[in-house]
Amino acid sequence: MHARFLRASLASLTFSLAAQAQAQAVVDWPERPITLVVPFGAGGITDLTARTVAKQLQAELGKPVVVENKPGAGGNIAADIVARAKPDGYTLMVITNGMVAVNPLIHKQLNYDALKDFAYVSMIANTPLALVVPQSSPIQDLPALVARARSRPDAVSFASAGQGTSIHQVFALMQQQTGATLMHVPYKSGAEAATALLSGVVDVTAVETVVVGPFIQSGRMRALGVTSAQRVSNLADLPAAREALGGDFDVGSISGLVAPAATPQSILDKLEQAMQAVAQSEGMAQLHAQGSQPMPAGSQVFLERMRQEQQKWRLVFSAEPGK
C-alpha cells in the first residue's frame, strides 16, 4: 500500500512539475527565434508579404522571425509540415485562401484539414492581380479576350502558378461567369508563368498588382484590367474586371497568419495582438501603396472569411470546364 501511494504521489508530482514548466514556457514565449513558413517559392507575393510581416513581427515580439520557404503542391507540402509541427508558437505559416478553399476541391488526398488543423491568427492582406498579355498581342481589352475565347474554345491559353493558385482562380471564375473556355497551362510559380507569357508560349496570364508595374512600364506586357471589385490606386487607369465584364468578379490572393491548431490560447492572443500592430506598421503601408489591400485583423473575422471563400470557390470549381 505504501509503495503504491509513493508511486502515485511521484506521478502526481511529475505531472504537476511538467504542467508548471509548460505554463511557464507559455508565459515566457517567445524565448527563441520563430520560424515563419512560406508555402511558395521566393519572390512571389506570398513570400514578399511574409517577409514584410516577419520584419514587423520581429520588432513587436523582440525575437528573430526567420522566413523559411517550403514550396510545392500548391502549398500543400508546407501546410502538412506546419499542421504536424509542435504547437508551441515557434512554427507559424502564411496561408492563402487558395490553400484553404480551393486545394481541397482539386486535390483528391490532403494530409491536413485546412479548418481543423490550424489556429487562425489574423488576415494580412488581399492582393488583386492584373490580367496581362504580351505587348505584341492583338487582344486590347477584356471583352476582346472573352470574345476570342468564346469563338475558339481552348485556342486561348493561360499560364498559372499551379492548380488552385490565385491565377488559376482568376481564369476559373472568368470562364464560369462569361462562358469562355481557355486552356490552362500550369507552372510552378508566378514568375514562370510570366516568363511563359513573355516567351510567347501562352496568350494571357495574371500578375499581382504589387509586382506588375515594371512589366507594364517597360512595354513588355499590356494590362487589360484588374481582378478586384474596384480599381487599385497604383494602376488607376486599368478597369476592374467587374466594370469590363459585369458579374460579381472579385479575386485576390488573401494571406493570413496561422499556427498549429493546438497552440496555447495565450500564445495565440499574443500573436493576434502583435499582428494588430503589424497591420499599422510602415512596412505594411508600403505594401499597400504598391497594390495590396489591407484586411481586417483578428482571428474570428479571418476564420469566417475563409469559410466564405470555401463556399465561393466550391461553386466555381464544381462548374469548371473538365470537371
# chains A, B, ... in the order shown; residues from 1 in each chain; ligands from 1

call {"tool": "residues_around", "arguments": {"residues": "range 256-272 of chain A", "least_positions_apart": "4", "cutoff": "7 Å", "atoms": "only C-alpha atoms", "output": "VMD selection string"}}
result
chain A and resid 26 82 to 83 85 87 to 89 91 to 96 116 to 124 276 298

call {"tool": "residues_around", "arguments": {"residues": "range 48-65 of chain A", "least_positions_apart": "6", "cutoff": "9 Å", "atoms": "only C-alpha atoms", "output": "list in words"}}
result
Pro30, Glu31, Arg32, Pro33, Ile34, Thr35, Leu36, Val37, Val38, Ala42, Met93, Val94, Ile124, Ala125, Ser255, Leu257, Lys270, Leu271, Ala274, Met275, Ala277, Val278, Ala279, Ser281, Glu282, Gly283, Met284 and Leu287 of chain A

call {"tool": "select_by_dssp", "arguments": {"residues": "range 158-312 of chain A", "states": "strand (DSSP E)", "output": "PyMOL selection string"}}
result
chain A and resi 158-160+183-186+205-208+221-226+252-260+293-294

call {"tool": "residues_around", "arguments": {"residues": "range 212-226 of chain A", "least_positions_apart": "5", "cutoff": "6 Å", "atoms": "only C-alpha atoms", "output": "PyMOL selection string"}}
result
chain A and resi 129-135+141-142+207+238-241

call {"tool": "atom_distance", "arguments": {"atom1": "CA of Gln290 in chain A", "atom2": "CA of Phe40 in chain A"}}
result
20.4 Å

call {"tool": "atom_distance", "arguments": {"atom1": "CA of Gly200 in chain A", "atom2": "CA of Val156 in chain A"}}
result
12.0 Å

call {"tool": "atom_distance", "arguments": {"atom1": "CA of Arg314 in chain A", "atom2": "CA of Gln163 in chain A"}}
result
14.5 Å

call {"tool": "residues_around", "arguments": {"residues": "Trp313 in chain A", "least_positions_apart": "5", "cutoff": "10 Å", "atoms": "only C-alpha atoms", "output": "ChimeraX atom specification"}}
result
/A:97-98,101-102,105,164,169,172-173,308,318-319

call {"tool": "write_last_selection", "arguments": {"atoms": "all heavy atoms", "output": "CSV table (one decimal), in the first residue's frame"}}
result
chain,number,residue,atom,x,y,z
A,97,ASN,N,-6.0,32.0,-49.3
A,97,ASN,CA,-7.3,31.5,-49.5
A,97,ASN,C,-7.4,30.3,-50.4
A,97,ASN,O,-8.2,29.4,-50.3
A,97,ASN,CB,-8.2,32.6,-49.9
A,97,ASN,CG,-7.7,33.3,-51.2
A,97,ASN,OD1,-6.5,33.4,-51.4
A,97,ASN,ND2,-8.7,33.9,-52.0
A,98,GLY,N,-6.5,30.2,-51.4
A,98,GLY,CA,-6.5,29.1,-52.3
A,98,GLY,C,-6.1,27.8,-51.6
A,98,GLY,O,-6.7,26.7,-51.9
A,101,ALA,N,-9.5,27.1,-49.5
A,101,ALA,CA,-10.8,26.9,-50.2
A,101,ALA,C,-10.7,26.2,-51.5
A,101,ALA,O,-11.7,25.6,-51.9
A,101,ALA,CB,-11.4,28.3,-50.4
A,102,VAL,N,-9.6,26.2,-52.2
A,102,VAL,CA,-9.5,25.5,-53.5
A,102,VAL,C,-8.8,24.2,-53.5
A,102,VAL,O,-9.2,23.2,-54.1
A,102,VAL,CB,-8.8,26.5,-54.5
A,102,VAL,CG1,-8.8,25.9,-55.9
A,102,VAL,CG2,-9.6,27.8,-54.6
A,105,LEU,N,-10.6,21.1,-53.1
A,105,LEU,CA,-11.5,20.7,-54.2
A,105,LEU,C,-10.8,20.1,-55.4
A,105,LEU,O,-11.5,19.3,-56.2
A,105,LEU,CB,-12.2,22.0,-54.7
A,105,LEU,CG,-13.1,22.8,-53.7
A,105,LEU,CD1,-13.6,24.1,-54.3
A,105,LEU,CD2,-14.2,22.0,-53.2
A,164,GLY,N,-5.0,25.6,-58.4
A,164,GLY,CA,-5.6,26.2,-57.2
A,164,GLY,C,-5.1,27.6,-56.8
A,164,GLY,O,-5.6,28.2,-55.9
A,169,GLN,N,-7.5,30.7,-60.1
A,169,GLN,CA,-8.8,31.1,-59.6
A,169,GLN,C,-9.4,32.2,-60.5
A,169,GLN,O,-10.6,32.2,-60.8
A,169,GLN,CB,-8.7,31.7,-58.2
A,169,GLN,CG,-8.4,30.6,-57.1
A,169,GLN,CD,-8.0,31.3,-55.8
A,169,GLN,OE1,-8.6,32.3,-55.4
A,169,GLN,NE2,-7.0,30.7,-55.1
A,172,ALA,N,-10.6,30.6,-63.7
A,172,ALA,CA,-11.8,29.7,-63.5
A,172,ALA,C,-13.0,30.5,-63.3
A,172,ALA,O,-14.1,30.2,-63.8
A,172,ALA,CB,-11.5,28.8,-62.2
A,173,LEU,N,-12.9,31.6,-62.5
A,173,LEU,CA,-14.1,32.5,-62.3
A,173,LEU,C,-14.5,33.1,-63.6
A,173,LEU,O,-15.7,33.2,-63.9
A,173,LEU,CB,-13.8,33.5,-61.3
A,173,LEU,CG,-14.9,34.4,-60.9
A,173,LEU,CD1,-16.1,33.7,-60.3
A,173,LEU,CD2,-14.5,35.5,-59.9
A,308,GLN,N,-16.3,31.7,-46.0
A,308,GLN,CA,-16.9,32.3,-47.1
A,308,GLN,C,-16.2,31.9,-48.4
A,308,GLN,O,-16.8,31.7,-49.4
A,308,GLN,CB,-17.0,33.8,-46.9
A,308,GLN,CG,-17.9,34.2,-45.8
A,308,GLN,CD,-17.8,35.7,-45.5
A,308,GLN,OE1,-17.0,36.5,-46.2
A,308,GLN,NE2,-18.4,36.2,-44.5
A,318,SER,N,-16.7,23.5,-59.1
A,318,SER,CA,-17.6,22.4,-59.4
A,318,SER,C,-18.1,22.6,-60.9
A,318,SER,O,-18.5,21.6,-61.5
A,318,SER,CB,-18.7,22.4,-58.5
A,318,SER,OG,-19.5,23.5,-58.6
A,319,ALA,N,-18.0,23.8,-61.4
A,319,ALA,CA,-18.5,24.1,-62.7
A,319,ALA,C,-17.4,24.4,-63.7
A,319,ALA,O,-17.6,24.7,-64.9
A,319,ALA,CB,-19.4,25.3,-62.7

call {"tool": "closest_residue", "arguments": {"among": "A:Ile81, A:Ala196, A:Val170, A:Val185", "to": "Pro128 in chain A", "atoms": "only C-alpha atoms"}}
result
A:Val170

call {"tool": "residues_around", "arguments": {"residues": "range 144-151 of chain A", "least_positions_apart": "2", "cutoff": "12 Å", "atoms": "only C-alpha atoms", "output": "CSV table (one decimal) with N, CA and C atoms, in the first residue's frame"}}
result
chain,number,residue,atom,x,y,z
A,131,LEU,N,-4.7,41.3,-65.2
A,131,LEU,CA,-4.7,40.4,-66.4
A,131,LEU,C,-3.8,41.0,-67.5
A,132,VAL,N,-2.9,40.2,-68.0
A,132,VAL,CA,-1.9,40.8,-68.9
A,132,VAL,C,-1.7,39.9,-70.1
A,133,VAL,N,-1.3,40.5,-71.2
A,133,VAL,CA,-1.0,39.8,-72.5
A,133,VAL,C,0.4,40.4,-72.9
A,137,SER,N,0.4,41.3,-78.5
A,137,SER,CA,-0.9,40.6,-78.7
A,137,SER,C,-1.9,41.4,-79.4
A,138,PRO,N,-2.7,40.9,-80.2
A,138,PRO,CA,-3.8,41.6,-80.8
A,138,PRO,C,-5.0,41.9,-79.8
A,139,ILE,N,-5.0,41.3,-78.7
A,139,ILE,CA,-6.0,41.4,-77.7
A,139,ILE,C,-5.8,42.8,-76.9
A,140,GLN,N,-6.8,43.7,-77.0
A,140,GLN,CA,-6.6,45.0,-76.5
A,140,GLN,C,-7.3,45.2,-75.2
A,141,ASP,N,-8.4,44.4,-74.9
A,141,ASP,CA,-9.1,44.6,-73.6
A,141,ASP,C,-9.8,43.3,-73.2
A,142,LEU,N,-10.4,43.4,-72.1
A,142,LEU,CA,-11.0,42.1,-71.5
A,142,LEU,C,-12.2,41.6,-72.4
A,153,PRO,N,-12.9,27.9,-78.5
A,153,PRO,CA,-12.6,27.3,-77.2
A,153,PRO,C,-11.3,26.6,-77.2
A,154,ASP,N,-10.6,26.8,-76.1
A,154,ASP,CA,-9.2,26.2,-75.8
A,154,ASP,C,-8.1,26.7,-76.7
A,155,ALA,N,-8.4,27.6,-77.7
A,155,ALA,CA,-7.4,28.2,-78.5
A,155,ALA,C,-6.6,29.3,-77.8
A,156,VAL,N,-7.2,29.9,-76.8
A,156,VAL,CA,-6.6,30.9,-76.0
A,156,VAL,C,-6.0,30.2,-74.7
A,157,SER,N,-4.7,30.3,-74.5
A,157,SER,CA,-4.1,29.6,-73.3
A,157,SER,C,-3.7,30.6,-72.2
A,158,PHE,N,-3.9,30.2,-71.0
A,158,PHE,CA,-3.4,31.0,-69.9
A,158,PHE,C,-2.4,30.2,-69.0
A,171,PHE,N,-9.0,32.8,-63.7
A,171,PHE,CA,-9.5,32.3,-65.0
A,171,PHE,C,-10.6,31.3,-64.8
A,174,MET,N,-13.5,33.6,-64.4
A,174,MET,CA,-13.9,34.2,-65.7
A,174,MET,C,-14.6,33.3,-66.6
A,175,GLN,N,-14.2,32.0,-66.7
A,175,GLN,CA,-14.8,31.1,-67.5
A,175,GLN,C,-16.3,30.8,-67.0
A,176,GLN,N,-16.4,30.7,-65.7
A,176,GLN,CA,-17.8,30.4,-65.2
A,176,GLN,C,-18.7,31.6,-65.5
A,177,GLN,N,-18.2,32.8,-65.4
A,177,GLN,CA,-19.1,34.0,-65.5
A,177,GLN,C,-19.4,34.4,-66.9
A,178,THR,N,-18.5,34.0,-67.9
A,178,THR,CA,-18.6,34.5,-69.2
A,178,THR,C,-18.9,33.5,-70.3
A,179,GLY,N,-18.7,32.2,-69.9
A,179,GLY,CA,-19.0,31.1,-70.8
A,179,GLY,C,-17.8,30.9,-71.8
A,180,ALA,N,-16.7,31.6,-71.5
A,180,ALA,CA,-15.5,31.4,-72.3
A,180,ALA,C,-14.8,30.1,-71.9
A,181,THR,N,-14.0,29.6,-72.8
A,181,THR,CA,-13.2,28.4,-72.5
A,181,THR,C,-11.7,28.6,-72.9
A,182,LEU,N,-10.9,28.6,-71.9
A,182,LEU,CA,-9.4,28.8,-72.1
A,182,LEU,C,-8.7,27.5,-71.7
A,183,MET,N,-7.5,27.4,-72.3
A,183,MET,CA,-6.7,26.2,-72.0
A,183,MET,C,-5.7,26.6,-70.9
A,203,ASP,N,-1.0,32.8,-74.1
A,203,ASP,CA,-1.6,34.0,-74.6
A,203,ASP,C,-1.8,35.1,-73.5
A,204,VAL,N,-2.1,34.6,-72.3
A,204,VAL,CA,-2.5,35.5,-71.2
A,204,VAL,C,-2.2,34.9,-69.9
A,205,THR,N,-1.9,35.8,-68.9
A,205,THR,CA,-1.8,35.3,-67.5
A,205,THR,C,-2.2,36.5,-66.6
A,223,ALA,N,-1.5,45.5,-69.9
A,223,ALA,CA,-2.5,45.1,-68.8
A,223,ALA,C,-3.9,45.4,-69.3
A,224,LEU,N,-4.8,44.4,-69.1
A,224,LEU,CA,-6.2,44.6,-69.6
A,224,LEU,C,-7.2,45.0,-68.5
A,225,GLY,N,-6.9,44.7,-67.3
A,225,GLY,CA,-7.7,45.1,-66.2
A,225,GLY,C,-7.3,44.4,-64.9
A,241,ALA,N,-12.2,44.2,-63.5
A,241,ALA,CA,-12.9,43.2,-64.4
A,241,ALA,C,-14.4,43.3,-64.3
A,244,ALA,N,-15.6,45.9,-66.8
A,244,ALA,CA,-15.5,45.5,-68.2
A,244,ALA,C,-16.4,44.3,-68.6
A,245,LEU,N,-16.6,43.4,-67.6
A,245,LEU,CA,-17.2,42.1,-67.9
A,245,LEU,C,-18.6,42.0,-67.2

call {"tool": "residues_around", "arguments": {"residues": "Ala78 in chain A", "least_positions_apart": "6", "cutoff": "7 Å", "atoms": "only C-alpha atoms", "output": "list in words"}}
result
Pro39, Lys70 and Pro71 of chain A

call {"tool": "select_by_dssp", "arguments": {"residues": "range 130-278 of chain A", "states": "alpha helix (DSSP H)", "output": "tab-separated table (two decimals) with N, CA, C and O atoms, in the first residue's frame"}}
result
chain	number	residue	atom	x	y	z
A	142	LEU	N	-10.41	43.36	-72.06
A	142	LEU	CA	-11.02	42.14	-71.52
A	142	LEU	C	-12.18	41.62	-72.37
A	142	LEU	O	-12.27	40.40	-72.59
A	143	PRO	N	-13.08	42.47	-72.87
A	143	PRO	CA	-14.13	41.93	-73.75
A	143	PRO	C	-13.57	41.23	-74.97
A	143	PRO	O	-14.11	40.21	-75.41
A	144	ALA	N	-12.47	41.74	-75.52
A	144	ALA	CA	-11.86	41.09	-76.69
A	144	ALA	C	-11.29	39.73	-76.32
A	144	ALA	O	-11.37	38.76	-77.09
A	145	LEU	N	-10.70	39.64	-75.11
A	145	LEU	CA	-10.17	38.36	-74.64
A	145	LEU	C	-11.29	37.33	-74.52
A	145	LEU	O	-11.17	36.19	-74.98
A	146	VAL	N	-12.40	37.73	-73.91
A	146	VAL	CA	-13.53	36.81	-73.72
A	146	VAL	C	-14.14	36.41	-75.06
A	146	VAL	O	-14.46	35.23	-75.29
A	147	ALA	N	-14.26	37.38	-75.96
A	147	ALA	CA	-14.84	37.08	-77.27
A	147	ALA	C	-14.00	36.06	-78.03
A	147	ALA	O	-14.54	35.13	-78.65
A	148	ARG	N	-12.69	36.22	-77.98
A	148	ARG	CA	-11.81	35.27	-78.67
A	148	ARG	C	-11.92	33.88	-78.04
A	148	ARG	O	-11.96	32.87	-78.75
A	149	ALA	N	-11.96	33.82	-76.70
A	149	ALA	CA	-12.04	32.53	-76.02
A	149	ALA	C	-13.39	31.86	-76.22
A	149	ALA	O	-13.49	30.64	-76.17
A	150	ARG	N	-14.42	32.64	-76.46
A	150	ARG	CA	-15.74	32.06	-76.75
A	150	ARG	C	-15.80	31.50	-78.17
A	150	ARG	O	-16.36	30.42	-78.41
A	151	SER	N	-15.21	32.24	-79.10
A	151	SER	CA	-15.31	31.84	-80.50
A	151	SER	C	-14.38	30.69	-80.85
A	151	SER	O	-14.64	29.93	-81.78
A	166	SER	N	-3.98	31.67	-57.09
A	166	SER	CA	-4.85	32.82	-57.37
A	166	SER	C	-5.00	33.06	-58.86
A	166	SER	O	-6.08	33.47	-59.33
A	167	ILE	N	-3.96	32.80	-59.66
A	167	ILE	CA	-4.08	32.98	-61.11
A	167	ILE	C	-5.09	31.99	-61.67
A	167	ILE	O	-5.94	32.33	-62.50
A	168	HIS	N	-5.01	30.75	-61.22
A	168	HIS	CA	-5.97	29.73	-61.65
A	168	HIS	C	-7.38	30.15	-61.25
A	168	HIS	O	-8.34	30.00	-62.03
A	169	GLN	N	-7.54	30.69	-60.05
A	169	GLN	CA	-8.84	31.14	-59.58
A	169	GLN	C	-9.41	32.22	-60.50
A	169	GLN	O	-10.61	32.22	-60.82
A	170	VAL	N	-8.56	33.16	-60.93
A	170	VAL	CA	-9.00	34.25	-61.80
A	170	VAL	C	-9.66	33.70	-63.07
A	170	VAL	O	-10.79	34.09	-63.43
A	171	PHE	N	-8.97	32.78	-63.73
A	171	PHE	CA	-9.48	32.29	-65.01
A	171	PHE	C	-10.62	31.30	-64.84
A	171	PHE	O	-11.49	31.19	-65.72
A	172	ALA	N	-10.63	30.57	-63.73
A	172	ALA	CA	-11.77	29.68	-63.46
A	172	ALA	C	-13.04	30.50	-63.28
A	172	ALA	O	-14.11	30.15	-63.81
A	173	LEU	N	-12.94	31.60	-62.53
A	173	LEU	CA	-14.10	32.46	-62.32
A	173	LEU	C	-14.51	33.14	-63.62
A	173	LEU	O	-15.71	33.25	-63.93
A	174	MET	N	-13.54	33.59	-64.40
A	174	MET	CA	-13.86	34.22	-65.69
A	174	MET	C	-14.62	33.26	-66.60
A	174	MET	O	-15.61	33.65	-67.24
A	175	GLN	N	-14.17	32.03	-66.65
A	175	GLN	CA	-14.85	31.06	-67.52
A	175	GLN	C	-16.26	30.78	-67.04
A	175	GLN	O	-17.20	30.66	-67.84
A	176	GLN	N	-16.42	30.69	-65.72
A	176	GLN	CA	-17.76	30.42	-65.19
A	176	GLN	C	-18.72	31.57	-65.49
A	176	GLN	O	-19.87	31.35	-65.85
A	177	GLN	N	-18.24	32.81	-65.37
A	177	GLN	CA	-19.13	33.95	-65.49
A	177	GLN	C	-19.36	34.42	-66.93
A	177	GLN	O	-20.32	35.13	-67.20
A	178	THR	N	-18.47	34.04	-67.86
A	178	THR	CA	-18.60	34.54	-69.23
A	178	THR	C	-18.91	33.46	-70.25
A	178	THR	O	-19.27	33.77	-71.39
A	190	GLY	N	4.48	32.00	-60.13
A	190	GLY	CA	4.03	33.13	-60.93
A	190	GLY	C	5.13	33.66	-61.83
A	190	GLY	O	4.85	34.14	-62.94
A	191	ALA	N	6.37	33.58	-61.37
A	191	ALA	CA	7.49	34.04	-62.18
A	191	ALA	C	7.62	33.20	-63.45
A	191	ALA	O	7.85	33.74	-64.54
A	192	GLU	N	7.43	31.89	-63.33
A	192	GLU	CA	7.49	31.02	-64.50
A	192	GLU	C	6.32	31.30	-65.44
A	192	GLU	O	6.48	31.26	-66.67
A	193	ALA	N	5.17	31.58	-64.88
A	193	ALA	CA	4.00	31.90	-65.71
A	193	ALA	C	4.25	33.19	-66.50
A	193	ALA	O	3.92	33.27	-67.69
A	194	ALA	N	4.83	34.19	-65.85
A	194	ALA	CA	5.14	35.45	-66.53
A	194	ALA	C	6.17	35.24	-67.63
A	194	ALA	O	6.06	35.81	-68.73
A	195	THR	N	7.16	34.40	-67.35
A	195	THR	CA	8.19	34.10	-68.36
A	195	THR	C	7.57	33.41	-69.57
A	195	THR	O	7.92	33.69	-70.72
A	196	ALA	N	6.64	32.50	-69.33
A	196	ALA	CA	5.96	31.80	-70.42
A	196	ALA	C	5.19	32.78	-71.30
A	196	ALA	O	5.17	32.66	-72.53
A	197	LEU	N	4.57	33.76	-70.66
A	197	LEU	CA	3.85	34.77	-71.42
A	197	LEU	C	4.81	35.58	-72.28
A	197	LEU	O	4.58	35.79	-73.48
A	198	LEU	N	5.90	36.06	-71.67
A	198	LEU	CA	6.85	36.89	-72.40
A	198	LEU	C	7.56	36.11	-73.50
A	198	LEU	O	8.01	36.71	-74.49
A	213	GLY	N	3.89	46.39	-62.15
A	213	GLY	CA	4.24	47.72	-62.65
A	213	GLY	C	5.42	47.76	-63.61
A	213	GLY	O	5.30	48.31	-64.72
A	214	PRO	N	6.59	47.22	-63.24
A	214	PRO	CA	7.75	47.28	-64.14
A	214	PRO	C	7.52	46.60	-65.48
A	214	PRO	O	8.04	47.05	-66.50
A	215	PHE	N	6.74	45.53	-65.52
A	215	PHE	CA	6.45	44.85	-66.78
A	215	PHE	C	5.64	45.77	-67.71
A	215	PHE	O	5.86	45.80	-68.92
A	216	ILE	N	4.70	46.51	-67.12
A	216	ILE	CA	3.87	47.41	-67.92
A	216	ILE	C	4.68	48.62	-68.37
A	216	ILE	O	4.65	49.02	-69.54
A	217	GLN	N	5.45	49.19	-67.44
A	217	GLN	CA	6.22	50.40	-67.75
A	217	GLN	C	7.29	50.15	-68.79
A	217	GLN	O	7.61	51.03	-69.60
A	241	ALA	N	-12.24	44.20	-63.52
A	241	ALA	CA	-12.89	43.22	-64.38
A	241	ALA	C	-14.40	43.32	-64.29
A	241	ALA	O	-15.12	43.10	-65.28
A	242	ARG	N	-14.91	43.70	-63.13
A	242	ARG	CA	-16.36	43.86	-62.95
A	242	ARG	C	-16.90	44.97	-63.87
A	242	ARG	O	-18.00	44.86	-64.40
A	243	GLU	N	-16.11	46.04	-64.05
A	243	GLU	CA	-16.51	47.12	-64.95
A	243	GLU	C	-16.60	46.63	-66.39
A	243	GLU	O	-17.54	46.95	-67.13
A	244	ALA	N	-15.59	45.88	-66.80
A	244	ALA	CA	-15.48	45.48	-68.20
A	244	ALA	C	-16.36	44.29	-68.57
A	244	ALA	O	-16.85	44.20	-69.70
A	245	LEU	N	-16.56	43.38	-67.60
A	245	LEU	CA	-17.25	42.13	-67.91
A	245	LEU	C	-18.58	41.97	-67.20
A	245	LEU	O	-19.36	41.07	-67.54
A	265	GLN	N	-3.76	29.08	-26.19
A	265	GLN	CA	-4.51	30.29	-26.48
A	265	GLN	C	-3.76	31.55	-26.06
A	265	GLN	O	-3.86	32.59	-26.73
A	266	SER	N	-3.00	31.48	-24.98
A	266	SER	CA	-2.28	32.67	-24.53
A	266	SER	C	-1.24	33.11	-25.56
A	266	SER	O	-1.01	34.31	-25.76
A	267	ILE	N	-0.62	32.14	-26.25
A	267	ILE	CA	0.34	32.47	-27.32
A	267	ILE	C	-0.40	33.05	-28.51
A	267	ILE	O	0.03	34.05	-29.11
A	268	LEU	N	-1.54	32.45	-28.86
A	268	LEU	CA	-2.33	32.97	-29.98
A	268	LEU	C	-2.79	34.39	-29.70
A	268	LEU	O	-2.82	35.24	-30.60
A	269	ASP	N	-3.14	34.66	-28.44
A	269	ASP	CA	-3.58	36.01	-28.08
A	269	ASP	C	-2.44	37.01	-28.25
A	269	ASP	O	-2.65	38.14	-28.75
A	270	LYS	N	-1.23	36.62	-27.86
A	270	LYS	CA	-0.06	37.49	-28.02
A	270	LYS	C	0.20	37.74	-29.51
A	270	LYS	O	0.51	38.87	-29.92
A	271	LEU	N	0.08	36.69	-30.31
A	271	LEU	CA	0.30	36.83	-31.74
A	271	LEU	C	-0.76	37.74	-32.38
A	271	LEU	O	-0.42	38.60	-33.21
A	272	GLU	N	-2.00	37.57	-31.98
A	272	GLU	CA	-3.06	38.39	-32.55
A	272	GLU	C	-2.85	39.86	-32.21
A	272	GLU	O	-3.03	40.74	-33.05
A	273	GLN	N	-2.45	40.11	-30.97
A	273	GLN	CA	-2.17	41.49	-30.56
A	273	GLN	C	-1.00	42.07	-31.35
A	273	GLN	O	-1.04	43.22	-31.80
A	274	ALA	N	0.04	41.26	-31.54
A	274	ALA	CA	1.20	41.72	-32.30
A	274	ALA	C	0.82	42.00	-33.75
A	274	ALA	O	1.29	42.97	-34.35
A	275	MET	N	-0.05	41.16	-34.32
A	275	MET	CA	-0.45	41.35	-35.71
A	275	MET	C	-1.29	42.61	-35.90
A	275	MET	O	-1.27	43.22	-36.98
A	276	GLN	N	-2.00	43.02	-34.88
A	276	GLN	CA	-2.73	44.29	-34.97
A	276	GLN	C	-1.76	45.45	-35.12
A	276	GLN	O	-2.02	46.39	-35.89
A	277	ALA	N	-0.62	45.36	-34.42
A	277	ALA	CA	0.40	46.39	-34.56
A	277	ALA	C	1.09	46.30	-35.92
A	277	ALA	O	1.39	47.32	-36.55
A	278	VAL	N	1.33	45.08	-36.39
A	278	VAL	CA	1.95	44.87	-37.69
A	278	VAL	C	1.10	45.51	-38.79
A	278	VAL	O	1.61	46.13	-39.72
